[in-house]
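Next up, target-v2.csv (CSV, C-alpha atoms and all ligand atoms):
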chain,number,residue,atom,x,y,z
A,6,MET,CA,0.0,0.0,0.0
A,7,SER,CA,1.3,3.5,-0.9
A,8,GLU,CA,2.4,5.4,2.2
A,9,LEU,CA,3.6,8.8,3.4
A,10,HIS,CA,5.5,9.4,6.6
A,11,ARG,CA,6.2,12.9,7.9
A,12,PHE,CA,8.6,13.7,10.8
A,13,LEU,CA,10.4,16.4,12.6
A,14,PHE,CA,13.9,16.3,14.1
A,15,ASP,CA,13.4,17.0,17.8
A,16,ASP,CA,14.6,20.5,18.9
A,17,GLN,CA,16.0,21.2,15.4
A,18,PRO,CA,14.4,23.3,12.7
A,19,VAL,CA,14.4,20.5,10.2
A,20,ARG,CA,11.4,18.5,8.9
A,21,GLY,CA,11.3,15.5,6.7
A,22,ALA,CA,9.0,13.2,4.7
A,23,ILE,CA,9.4,9.9,3.0
A,24,VAL,CA,6.9,8.5,0.4
A,25,ARG,CA,6.6,5.1,-1.2
A,26,LEU,CA,4.1,4.8,-4.0
A,27,THR,CA,3.3,1.2,-4.7
A,28,ASP,CA,-0.3,0.4,-5.7
A,29,ALA,CA,-0.9,4.1,-6.7
A,30,TRP,CA,2.1,3.9,-9.0
A,31,THR,CA,1.5,0.5,-10.6
A,32,GLU,CA,-2.1,1.6,-11.3
A,33,MET,CA,-0.9,4.6,-13.2
A,34,LEU,CA,1.5,2.5,-15.3
A,35,GLY,CA,-1.2,-0.2,-15.8
A,36,ARG,CA,-3.7,2.3,-17.1
A,37,ARG,CA,-1.2,3.6,-19.6
A,38,VAL,CA,-0.5,0.1,-20.9
A,39,ALA,CA,-4.3,-0.5,-21.2
A,40,ASN,CA,-4.9,2.8,-23.0
A,41,THR,CA,-4.9,1.9,-26.7
A,42,SER,CA,-4.7,5.5,-27.8
A,43,SER,CA,-1.2,5.9,-26.3
A,44,GLN,CA,2.1,4.0,-26.1
A,45,PRO,CA,3.4,2.5,-22.9
A,46,TYR,CA,6.2,4.6,-21.4
A,47,PRO,CA,9.8,3.5,-22.1
A,48,VAL,CA,11.8,2.7,-19.0
A,49,PRO,CA,13.6,6.2,-18.7
A,50,VAL,CA,10.2,7.9,-18.9
A,51,ARG,CA,8.7,5.6,-16.2
A,52,GLU,CA,11.6,6.5,-14.0
A,53,LEU,CA,11.2,10.3,-14.5
A,54,LEU,CA,7.4,10.2,-14.1
A,55,GLY,CA,7.7,8.1,-11.0
A,56,GLU,CA,10.2,10.5,-9.5
A,57,MET,CA,7.9,13.4,-10.3
A,58,ALA,CA,4.9,11.6,-8.7
A,59,ALA,CA,6.9,10.9,-5.5
A,60,ALA,CA,8.3,14.5,-5.4
A,61,GLY,CA,4.8,15.9,-5.9
A,62,VAL,CA,3.5,14.1,-2.9
A,63,LEU,CA,6.5,15.3,-0.8
A,64,MET,CA,6.1,18.9,-1.8
A,65,GLN,CA,2.3,18.9,-1.4
A,66,SER,CA,2.7,17.3,2.1
A,67,GLY,CA,5.0,20.2,3.2
A,68,ILE,CA,2.6,23.1,2.4
A,69,LYS,CA,-0.7,24.3,4.0
A,70,PHE,CA,-2.7,24.7,0.8
A,71,ASN,CA,-6.1,23.6,-0.5
A,72,GLY,CA,-5.8,22.7,-4.1
A,73,ALA,CA,-3.6,20.9,-6.6
A,74,LEU,CA,0.2,21.0,-6.7
A,75,VAL,CA,1.1,20.4,-10.4
A,76,LEU,CA,4.7,19.5,-11.2
A,77,GLN,CA,5.4,19.9,-14.9
A,78,ILE,CA,8.4,19.5,-17.1
A,79,PHE,CA,8.3,21.1,-20.5
A,80,GLY,CA,11.0,19.3,-22.5
A,81,ASP,CA,12.9,20.0,-25.7
A,82,GLY,CA,13.8,16.3,-26.2
A,83,PRO,CA,11.6,13.1,-26.7
A,84,VAL,CA,9.5,14.0,-23.7
A,85,LYS,CA,7.5,17.1,-24.6
A,86,LEU,CA,5.5,17.3,-21.4
A,87,ALA,CA,5.5,15.4,-18.2
A,88,VAL,CA,3.0,16.1,-15.5
A,89,ALA,CA,2.4,14.9,-11.9
A,90,GLU,CA,-0.6,16.4,-10.1
A,91,VAL,CA,-1.2,15.9,-6.4
A,92,GLN,CA,-4.3,17.2,-4.6
A,93,SER,CA,-4.3,18.3,-0.9
A,94,ASP,CA,-5.9,14.9,0.0
A,95,LEU,CA,-2.9,13.2,-1.6
A,96,SER,CA,-4.8,11.8,-4.5
A,97,LEU,CA,-2.6,12.0,-7.6
A,98,ARG,CA,-2.3,11.4,-11.3
A,99,ALA,CA,0.5,11.7,-13.8
A,100,THR,CA,1.1,11.5,-17.5
A,101,ALA,CA,3.7,12.2,-20.2
A,102,SER,CA,3.5,13.0,-23.9
A,103,LEU,CA,6.3,11.8,-26.1
A,104,LYS,CA,7.6,12.5,-29.5
A,105,GLY,CA,10.3,10.5,-31.2
A,106,GLU,CA,12.6,7.8,-29.9
A,107,VAL,CA,13.6,7.7,-26.2
A,108,PRO,CA,17.3,6.5,-26.1
A,109,GLU,CA,17.9,3.5,-23.8
A,110,GLY,CA,19.2,4.6,-20.4
A,111,ALA,CA,18.4,8.3,-21.1
A,112,GLY,CA,18.8,10.6,-18.1
A,113,LEU,CA,17.1,13.9,-17.4
A,114,GLY,CA,19.1,15.8,-20.0
A,115,ALA,CA,18.5,13.3,-22.9
A,116,LEU,CA,14.8,13.2,-22.1
A,117,VAL,CA,13.8,16.8,-21.6
A,118,ASN,CA,16.8,19.1,-21.9
A,119,VAL,CA,18.6,18.2,-25.1
A,120,HIS,CA,19.2,21.8,-26.2
A,121,GLY,CA,19.1,23.3,-22.7
A,122,GLY,CA,15.6,24.6,-23.2
A,123,GLY,CA,13.8,22.3,-20.7
A,124,ARG,CA,11.9,23.9,-17.9
A,125,CYS,CA,10.3,22.7,-14.7
A,126,ALA,CA,7.2,24.5,-13.5
A,127,ILE,CA,5.5,24.1,-10.1
A,128,THR,CA,2.0,25.4,-10.0
A,129,LEU,CA,-0.3,25.8,-6.9
A,130,ASP,CA,-3.8,25.8,-8.2
A,131,PRO,CA,-6.3,26.7,-5.4
A,132,LYS,CA,-9.4,24.5,-5.2
A,133,ASP,CA,-11.8,27.4,-4.5
A,134,LYS,CA,-10.6,30.3,-6.7
A,135,PHE,CA,-12.1,33.7,-6.5
A,136,PRO,CA,-13.1,35.2,-9.9
A,137,GLY,CA,-10.0,36.1,-11.9
A,138,GLN,CA,-7.6,34.5,-9.5
A,139,GLN,CA,-4.6,33.0,-11.2
A,140,PRO,CA,-2.8,29.9,-10.0
A,141,TYR,CA,0.7,30.6,-8.5
A,142,GLN,CA,3.5,29.3,-10.7
A,143,GLY,CA,7.2,29.1,-10.3
A,144,VAL,CA,9.5,28.1,-13.1
A,145,VAL,CA,13.1,26.9,-13.0
A,146,PRO,CA,15.5,25.9,-15.8
A,147,LEU,CA,17.1,22.4,-15.7
A,148,VAL,CA,20.6,23.9,-15.3
A,149,ASP,CA,22.6,24.9,-12.3
A,150,ALA,CA,23.8,28.5,-11.5
A,151,GLN,CA,26.8,27.9,-13.8
A,152,GLY,CA,24.5,26.8,-16.7
A,153,ARG,CA,25.5,23.2,-16.5
A,154,LYS,CA,22.7,20.7,-17.3
A,155,LEU,CA,21.3,19.0,-14.2
A,156,ASP,CA,21.3,15.1,-14.3
A,157,HIS,CA,18.7,14.6,-11.6
A,158,LEU,CA,15.2,15.9,-10.9
A,159,SER,CA,16.1,16.0,-7.2
A,160,ASP,CA,18.7,18.7,-7.9
A,161,VAL,CA,16.2,20.7,-10.0
A,162,LEU,CA,13.6,20.6,-7.2
A,163,ALA,CA,16.1,21.4,-4.4
A,164,HIS,CA,17.1,24.4,-6.4
A,165,TYR,CA,13.5,25.4,-6.8
A,166,MET,CA,12.7,25.1,-3.1
A,167,LEU,CA,15.8,27.2,-2.2
A,168,GLN,CA,14.7,29.9,-4.7
A,169,SER,CA,11.0,30.0,-4.0
A,170,GLU,CA,10.8,29.1,-0.3
A,171,GLN,CA,14.3,30.2,0.7
A,172,LEU,CA,14.5,26.8,2.4
A,173,ASP,CA,17.5,24.5,2.1
A,174,ALA,CA,16.2,21.1,0.9
A,175,THR,CA,17.8,17.8,0.2
A,176,LEU,CA,16.0,15.1,-1.8
A,177,VAL,CA,16.5,11.6,-3.0
A,178,LEU,CA,14.1,10.3,-5.6
A,179,ALA,CA,13.9,6.9,-7.5
A,180,ALA,CA,11.4,4.9,-9.4
A,181,ASN,CA,11.1,1.5,-11.1
A,182,ASP,CA,8.1,-0.5,-12.3
A,183,GLN,CA,6.9,-1.4,-8.8
A,184,VAL,CA,7.8,1.6,-6.6
A,185,ALA,CA,8.2,5.3,-6.9
A,186,ALA,CA,9.8,6.7,-3.8
A,187,GLY,CA,11.3,9.8,-2.3
A,188,LEU,CA,12.9,11.2,0.8
A,189,LEU,CA,13.0,15.0,1.5
A,190,VAL,CA,14.4,17.0,4.4
A,191,GLN,CA,14.0,20.8,4.6
A,192,ARG,CA,15.5,23.3,7.0
A,193,MET,CA,12.6,25.3,8.3
A,194,PRO,CA,12.9,29.1,8.9
A,195,VAL,CA,14.2,29.8,12.3
A,196,LYS,CA,12.1,32.1,14.4
A,197,GLY,CA,12.6,35.7,13.2
A,198,GLU,CA,14.7,34.6,10.2
A,199,GLY,CA,13.9,36.3,6.9
A,200,ASN,CA,11.9,39.3,8.2
A,201,ILE,CA,12.7,42.7,9.5
A,202,SER,CA,12.8,41.9,13.2
A,203,GLY,CA,14.9,38.9,12.4
A,204,GLY,CA,17.4,41.2,10.7
A,205,ALA,CA,17.7,43.1,13.9
A,206,ALA,CA,17.9,39.9,16.0
A,207,ARG,CA,20.8,38.7,13.9
A,208,HIS,CA,23.1,41.4,15.4
A,209,ASP,CA,22.5,39.6,18.7
A,210,LYS,CA,25.6,37.5,19.4
A,211,GLU,CA,23.8,34.7,21.1
A,212,HIS,CA,21.3,34.5,18.3
A,213,ASP,CA,24.2,34.3,15.8
A,214,GLU,CA,25.7,31.3,17.5
A,215,ASP,CA,22.3,29.7,17.7
A,216,GLN,CA,21.9,30.1,13.9
A,217,ILE,CA,25.3,28.6,13.2
A,218,GLY,CA,24.7,25.6,15.4
A,219,ARG,CA,21.3,25.0,13.7
A,220,ASN,CA,22.8,25.1,10.3
A,221,GLU,CA,25.4,22.5,11.3
A,222,ASP,CA,22.5,20.3,12.4
A,223,TYR,CA,20.9,20.7,9.0
A,224,ASN,CA,24.1,20.0,7.2
A,225,ARG,CA,24.7,16.8,9.2
A,226,ILE,CA,21.1,15.6,8.5
A,227,ALA,CA,21.4,16.5,4.8
A,228,THR,CA,24.6,14.5,4.5
A,229,LEU,CA,22.9,11.5,6.0
A,230,VAL,CA,20.0,11.9,3.5
A,231,ALA,CA,22.4,12.2,0.6
A,232,SER,CA,24.1,8.9,1.6
A,233,LEU,CA,20.9,7.0,0.8
A,234,THR,CA,21.3,5.3,-2.6
A,235,ARG,CA,18.4,5.1,-5.1
A,236,ASP,CA,18.6,1.3,-4.8
A,237,GLU,CA,18.1,1.4,-1.0
A,238,LEU,CA,15.3,3.9,-1.4
A,239,LEU,CA,13.5,1.5,-3.7
A,240,THR,CA,14.1,-1.8,-1.9
A,241,LEU,CA,14.1,-1.0,1.8
A,242,ASP,CA,10.9,-0.4,3.8
A,243,VAL,CA,10.4,3.0,5.5
A,244,GLU,CA,11.2,1.9,9.0
A,245,THR,CA,14.5,0.4,7.9
A,246,ILE,CA,15.5,3.6,6.0
A,247,LEU,CA,14.6,5.9,8.8
A,248,HIS,CA,16.5,3.8,11.3
A,249,ARG,CA,19.5,3.3,9.2
A,250,LEU,CA,19.9,7.0,8.4
A,251,PHE,CA,18.7,8.7,11.6
A,252,TRP,CA,19.2,6.2,14.4
A,253,GLU,CA,21.2,8.8,16.3
A,254,GLU,CA,18.6,11.6,15.7
A,255,PRO,CA,15.6,12.0,17.9
A,256,LEU,CA,12.6,12.0,15.5
A,257,LEU,CA,9.1,13.1,16.2
A,258,ARG,CA,6.9,11.1,13.9
A,259,PHE,CA,3.4,12.0,12.6
A,260,GLU,CA,0.8,9.3,12.0
A,261,PRO,CA,1.6,7.6,8.8
A,262,GLN,CA,-0.8,8.4,5.9
A,263,GLN,CA,-1.9,5.4,3.9
A,264,GLY,CA,-5.0,3.8,2.4
A,265,THR,CA,-7.8,6.4,2.0
A,266,ASP,CA,-5.7,9.0,3.9
A,267,GLY,CA,-2.6,8.3,1.9
A,268,PRO,CA,-1.2,8.9,-1.6
A,269,ARG,CA,-3.5,7.1,-4.1
A,270,PHE,CA,-4.3,7.3,-7.7
A,271,ALA,CA,-7.4,9.3,-8.7
A,272,CYS,CA,-8.3,11.2,-11.9
A,273,THR,CA,-10.3,14.4,-12.0
A,274,CYS,CA,-11.4,14.1,-15.6
A,275,SER,CA,-15.0,14.3,-16.5
A,276,ARG,CA,-17.2,14.3,-19.6
A,277,GLU,CA,-18.0,18.0,-18.9
A,278,ARG,CA,-14.3,18.9,-18.9
A,279,VAL,CA,-13.6,17.1,-22.1
A,280,GLY,CA,-16.6,18.8,-23.6
A,281,ARG,CA,-15.1,22.2,-22.7
A,282,MET,CA,-11.9,21.1,-24.3
A,283,LEU,CA,-13.7,20.3,-27.5
A,284,HIS,CA,-15.4,23.6,-27.3
A,285,SER,CA,-12.1,25.4,-27.2
A,286,LEU,CA,-10.9,23.3,-30.2
A,287,GLY,CA,-13.6,25.0,-32.3
A,288,VAL,CA,-16.6,23.9,-34.3
A,289,GLU,CA,-14.7,23.5,-37.5
A,290,GLU,CA,-12.2,21.1,-36.1
A,291,ALA,CA,-15.0,19.1,-34.4
A,292,ASP,CA,-17.0,19.0,-37.6
A,293,SER,CA,-14.1,17.7,-39.6
A,294,ILE,CA,-13.5,14.9,-37.1
A,295,LEU,CA,-17.2,14.0,-37.2
A,296,ALA,CA,-17.2,14.0,-41.0
A,297,GLU,CA,-14.2,11.7,-41.1
A,298,GLN,CA,-14.9,9.4,-38.2
A,299,GLY,CA,-18.7,9.8,-37.4
A,300,GLN,CA,-17.9,10.5,-33.8
A,301,ILE,CA,-15.3,12.2,-31.6
A,302,GLU,CA,-13.3,9.9,-29.3
A,303,VAL,CA,-11.2,11.4,-26.6
A,304,ALA,CA,-9.2,9.3,-24.1
A,305,CYS,CA,-8.0,10.9,-20.9
A,306,GLU,CA,-4.2,11.1,-20.9
A,307,PHE,CA,-4.1,10.4,-17.2
A,308,CYS,CA,-6.4,7.5,-16.7
A,309,GLY,CA,-7.3,6.3,-20.2
A,310,GLN,CA,-11.1,6.8,-19.7
A,311,GLN,CA,-12.7,7.0,-23.2
A,312,TYR,CA,-15.2,9.8,-23.9
A,313,ARG,CA,-17.3,9.6,-27.1
A,314,PHE,CA,-19.3,12.4,-28.6
A,315,ASP,CA,-21.7,11.8,-31.5
A,316,PRO,CA,-22.9,14.6,-33.8
A,317,VAL,CA,-25.8,15.3,-31.5
A,318,ASP,CA,-23.5,15.6,-28.4
A,319,ALA,CA,-21.2,17.8,-30.4
A,320,ALA,CA,-24.0,20.1,-31.5
A,321,GLN,CA,-25.0,20.5,-27.9
A,322,ILE,CA,-21.5,21.5,-26.9
A,323,PHE,CA,-21.4,24.2,-29.5
A,324,ALA,CA,-24.9,25.4,-28.8
A,325,ALA,CA,-24.4,25.8,-25.1
A,326,PRO,CA,-23.4,29.3,-23.9
A,327,VAL,CA,-19.7,29.6,-23.1
A,328,VAL,CA,-18.9,29.5,-19.4
A,329,ALA,CA,-15.8,31.5,-18.6
A,330,GLN,CA,-13.2,29.1,-17.2
A,331,ALA,CA,-9.7,29.9,-15.9
A,332,PRO,CA,-7.3,27.9,-18.1
A,333,ALA,CA,-6.3,24.6,-16.6
A,334,PRO,CA,-2.6,24.9,-15.5
A,335,ASN,CA,-1.6,21.8,-17.5
A,336,ALA,CA,-3.8,22.4,-20.5
A,337,VAL,CA,-4.8,18.7,-20.6
A,338,GLN,CA,-8.4,17.9,-19.6
A,401,ZN,ZN,-8.9,10.8,-16.4

When written as structure tokens, how does the structure in this file appear?
Amino acid sequence: MSELHRFLFDDQPVRGAIVRLTDAWTEMLGRRVANTSSQPYPVPVRELLGEMAAAGVLMQSGIKFNGALVLQIFGDGPVKLAVAEVQSDLSLRATASLKGEVPEGAGLGALVNVHGGGRCAITLDPKDKFPGQQPYQGVVPLVDAQGRKLDHLSDVLAHYMLQSEQLDATLVLAANDQVAAGLLVQRMPVKGEGNISGGAARHDKEHDEDQIGRNEDYNRIATLVASLTRDELLTLDVETILHRLFWEEPLLRFEPQQGTDGPRFACTCSRERVGRMLHSLGVEEADSILAEQGQIEVACEFCGQQYRFDPVDAAQIFAAPVVAQAPAPNAVQ
């Protein structure tokens, strides 16, 4: 069963989370295989998408936010778009659209950053938007500060968290056909840090020493996290990993989240949403598909659900008044 475990390091401003997606992940892969309108993912794409799904759960679990966290990679290689979307209740879905051959053993660069044009976007899309409210989006390139291409999604996301939240973060991510897993630790803001009063407090000698000590704590923990191999992350259970890494650190554990409270596959597609997508496609395009095929068939890219529209259905879509909709952040159903 897929599971998420959150924890704090006692008396230190460091928090962590570890996720193992098992049934949620195999269901997503299985639905892709069953979907006759798309190709199954090649191995390197499965690894990337699994890492994105695990990272999405870790990032969603660390914020107080009611809505979807959407992790997207816009690629300039054989993967044009990869999306992992995690709701506040930890239900999640993921998909990727491909074009061309995926080289065997391709890493992040060969998949999505061939010419250095790949981008990673993190969108927070509130559930209950007020009229005109736009989702928050942060975008980072897939290169480091020196312009060198990054090899791992974990480095891209650590960079993003440092930029957007001003929080040091260390991640390990890995995925295979059975498991998509991740471990994240983050240094939380120390009281007063990063605001005006904190600036004044930093002149206080005692406070300075306090800060330095706390950073050393974080560095020690981050080093422990970085020692975890991807193979260990995939094959060891959560208790073994936490014990092996942090047996000398006092951890405060939250109740594990699994089953209906934990990460699980769910798709938010609906006939109504697909109808809106057809509407935006335009009546001419719809008519030409109908003339050619007699009906319009759309399969959800996330779950494979087939939606069929005959000429009568299509006429209804284009006869109905247009309801203003904020654009979906991922532009797919
Ligand atoms: Zn769906």

Note to self: At a cut-off of 9 Å and counting all atoms listed in the file, what residues surround ligand ZN 401 (chain A)? Please answer as number ranges by chain.
What the structure shows: A: 98, 271-275, 304-311, 338

Margin query: When you count all atoms listed in the file, which of these residues is closest to Leu229 in chain A: A:Leu155, A:Leu176, A:Ala185, A:Leu295?
Written below: A:Leu176

Check: So, counting only C-alpha atoms, which residue among A:Gln300, A:Asn40, A:Thr175, A:Ser96 is closest to Arg192 in chain A?
Finding: A:Thr175

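Reported to one decimal place, the separation of CA of Thr100 in chain A from CA of Leu113 in chain A is 16.2 Å.
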
Next item on the list: Point out the residue among A:Asp156, A:Asp130, A:Asp173, A:Asp182 with the least atom-to-atom distance to Val50 in chain A, counting only C-alpha atoms.
Entry: A:Asp182

Notebook entry, point to check: Which residues, written as a list in words, have at least one atom at most 10 Å from Pro268 in chain A, with all atoms listed in the file counted and residues fewer than 6 positions away on the same chain left out?
Noted result: Met6, Ser7, Glu8, Leu9, Val24, Arg25, Leu26, Thr27, Asp28, Ala29, Trp30, Ala58, Ala59, Val62, Ser66, Val91, Gln92, Ser93, Asp94, Leu95, Ser96, Leu97 and Gln262 of chain A

Check: Around (20.6, 16.0, 3.6) in the file's own coordinates, what residues are found within 8 Å if you use all atoms listed in the file, given back as an MDAnalysis selection string?
Finding: chainID A and resid 174:176 189:190 223:231

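Each of A:Asp81, A:Asp266, A:Glu302, A:Glu56 was checked against Gly121 in chain A using all atoms listed in the file; the smallest atom-to-atom distance is that of A:Asp81.
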
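Residue nearest Gln77 in chain A within the list A:Leu53, A:Gly110, A:Arg124, A:Met166: A:Arg124 [criterion: smallest interatomic distance, all atoms listed in the file].
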
Note to self: For a quick check of understanding, using all atoms listed in the file, which of A:Gly143, A:Gly72, A:Pro47, A:Gly35 has the smallest distance to Lys104 in chain A?
What the structure shows: A:Pro47
